[in-house]
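The file data33.json contains JSON, C-alpha atoms:
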[["chain", "number", "residue", "atom", "x", "y", "z"],
["C", 274, "MET", "CA", 10.52, 1.04, 28.89],
["C", 275, "LYS", "CA", 8.04, -1.80, 29.36],
["C", 276, "THR", "CA", 9.42, -5.22, 30.15],
["C", 277, "ILE", "CA", 8.27, -8.76, 29.53],
["C", 278, "ARG", "CA", 8.67, -11.30, 32.31],
["C", 279, "LEU", "CA", 8.86, -14.95, 31.31],
["C", 280, "ILE", "CA", 7.59, -17.29, 34.03],
["C", 281, "GLY", "CA", 7.61, -21.06, 33.58],
["C", 282, "ILE", "CA", 4.54, -22.89, 34.86],
["C", 283, "PRO", "CA", 5.35, -26.62, 34.72],
["C", 284, "TYR", "CA", 1.81, -27.79, 35.41],
["C", 285, "ASP", "CA", -0.60, -30.09, 33.60],
["C", 286, "GLU", "CA", -2.38, -31.89, 36.42],
["C", 287, "HIS", "CA", -5.82, -30.91, 35.11],
["C", 288, "SER", "CA", -5.20, -31.60, 31.42],
["C", 289, "SER", "CA", -8.37, -32.76, 29.76],
["C", 290, "TYR", "CA", -6.62, -34.76, 27.05],
["C", 291, "GLN", "CA", -2.89, -35.47, 27.00],
["C", 292, "ARG", "CA", -0.34, -34.37, 29.53],
["C", 293, "GLY", "CA", 3.02, -32.92, 28.57],
["C", 294, "SER", "CA", 2.69, -29.16, 28.86],
["C", 295, "ALA", "CA", 4.49, -29.33, 32.21],
["C", 296, "TRP", "CA", 7.65, -30.12, 30.25],
["C", 297, "ALA", "CA", 7.29, -27.03, 28.06],
["C", 298, "PRO", "CA", 9.08, -24.24, 30.00],
["C", 299, "PRO", "CA", 12.66, -25.38, 29.29],
["C", 300, "LEU", "CA", 11.76, -26.20, 25.69],
["C", 301, "ILE", "CA", 10.26, -22.75, 25.19],
["C", 302, "ARG", "CA", 13.42, -21.15, 26.57],
["C", 303, "GLU", "CA", 15.55, -23.32, 24.28],
["C", 304, "ALA", "CA", 13.54, -22.19, 21.25],
["C", 305, "LEU", "CA", 13.50, -18.55, 22.38],
["C", 306, "TYR", "CA", 17.26, -18.32, 22.81],
["C", 307, "ASN", "CA", 18.09, -20.49, 19.79],
["C", 308, "PRO", "CA", 20.72, -18.72, 17.66],
["C", 309, "SER", "CA", 18.74, -19.43, 14.49],
["C", 310, "SER", "CA", 15.77, -17.37, 15.70],
["C", 311, "ASN", "CA", 15.47, -13.65, 16.29],
["C", 312, "LEU", "CA", 13.87, -11.67, 19.08],
["C", 313, "TRP", "CA", 11.97, -9.13, 16.98],
["C", 314, "SER", "CA", 8.20, -8.96, 17.44],
["C", 315, "GLU", "CA", 5.63, -8.55, 14.68],
["C", 316, "SER", "CA", 5.17, -4.91, 15.70],
["C", 317, "GLY", "CA", 8.89, -4.13, 15.34],
["C", 318, "LEU", "CA", 9.94, -4.33, 19.00],
["C", 319, "ASP", "CA", 13.37, -5.79, 19.66],
["C", 320, "VAL", "CA", 12.64, -8.10, 22.58],
["C", 321, "GLY", "CA", 16.37, -8.88, 22.71],
["C", 322, "THR", "CA", 17.17, -5.36, 23.94],
["C", 323, "ALA", "CA", 18.96, -5.59, 27.29],
["C", 324, "GLY", "CA", 16.46, -5.49, 30.15],
["C", 325, "PHE", "CA", 13.38, -5.84, 27.93],
["C", 326, "LEU", "CA", 12.91, -9.58, 28.50],
["C", 327, "THR", "CA", 13.52, -11.02, 31.96],
["C", 328, "ASP", "CA", 13.33, -14.67, 32.91],
["C", 329, "ALA", "CA", 11.89, -15.33, 36.36],
["C", 330, "GLY", "CA", 12.51, -19.06, 36.11],
["C", 331, "ASP", "CA", 10.00, -21.80, 36.81],
["C", 332, "ILE", "CA", 7.48, -21.81, 39.62],
["C", 333, "ALA", "CA", 7.82, -24.68, 42.09],
["C", 334, "ILE", "CA", 4.32, -26.13, 42.01],
["C", 335, "PRO", "CA", 2.98, -28.46, 44.70],
["C", 336, "ASP", "CA", 0.52, -31.25, 43.94],
["C", 337, "GLY", "CA", -3.18, -30.77, 44.54],
["C", 338, "PRO", "CA", -5.28, -27.67, 45.12],
["C", 339, "ALA", "CA", -2.35, -25.62, 46.45],
["C", 340, "ALA", "CA", -0.98, -25.45, 42.90],
["C", 341, "PHE", "CA", -3.44, -22.74, 41.86],
["C", 342, "LYS", "CA", -2.59, -20.55, 44.85],
["C", 343, "GLN", "CA", 1.12, -20.93, 44.08],
["C", 344, "ILE", "CA", 0.58, -19.90, 40.45],
["C", 345, "GLU", "CA", -1.55, -16.90, 41.47],
["C", 346, "SER", "CA", 1.06, -15.78, 44.01],
["C", 347, "ALA", "CA", 3.84, -15.94, 41.42],
["C", 348, "MET", "CA", 1.90, -13.61, 39.09],
["C", 349, "LEU", "CA", 1.83, -10.75, 41.61]]

Entire entry expressed as structure tokens:
Amino acid sequence: MKTIRLIGIPYDEHSSYQRGSAWAPPLIREALYNPSSNLWSESGLDVGTAGFLTDAGDIAIPDGPAAFKQIESAML
């Protein structure tokens, strides 16, 4: 079975317009696990099946150029 890994990337240092996306990871999780939603995909997969969706938490991102290396490392 394939799995989906959710990884929060609280980063918006290089936003070209308005910042705020760094606050998104906990809000996305709140919406995802909201009891009024369901975990079925458009293709009929039940993402709520045990073990299908894993949450790896948020990446701790440093300021400056090291942020990109930290994000890349977390994706491996």

| Hey, what's within 12 Å of segment 285-288 of chain C if we count all atoms listed in the file and toss same-chain stuff fewer than 3 positions away? As number ranges by chain, please? | C: 282, 291-298, 334-341

| query | Can you tell me, as a VMD selection string, which residues sit within 6 Å of (8.1, -15.4, 36.0) in the file's frame, using only C-alpha atoms? | reply | chain C and resid 278 to 280 329 to 330

Could you write out the selected residues, including C-alpha atoms, as a PDB file, keeping the file's coordinate frame?
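Printed below is selection-v8.pdb as written:
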ATOM      1  CA  ARG C 278       8.670 -11.300  32.310  1.00  0.00           C
ATOM      2  CA  LEU C 279       8.860 -14.950  31.310  1.00  0.00           C
ATOM      3  CA  ILE C 280       7.590 -17.290  34.030  1.00  0.00           C
ATOM      4  CA  ALA C 329      11.890 -15.330  36.360  1.00  0.00           C
ATOM      5  CA  GLY C 330      12.510 -19.060  36.110  1.00  0.00           C
TER       6      GLY C 330
END

| field | Who sits within 12 Å of Thr322 of chain C, all atoms listed in the file, same chain under 6 positions skipped, as a count of residues only | value | 8

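With atom CA of Pro299 of chain C on one side and atom CA of Ala323 of chain C on the other, the separation reads 20.9 Å.
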
| In Å, how far is it from atom CA of Pro283 of chain C to atom CA of Ile332 of chain C? | 7.2 Å

| query | Suppose you want the space between atom CA of Val320 of chain C and atom CA of Leu349 of chain C; what is it in Å? | reply |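 Calculated distance between atom CA of Val320 of chain C and atom CA of Leu349 of chain C is 22.0 Å.
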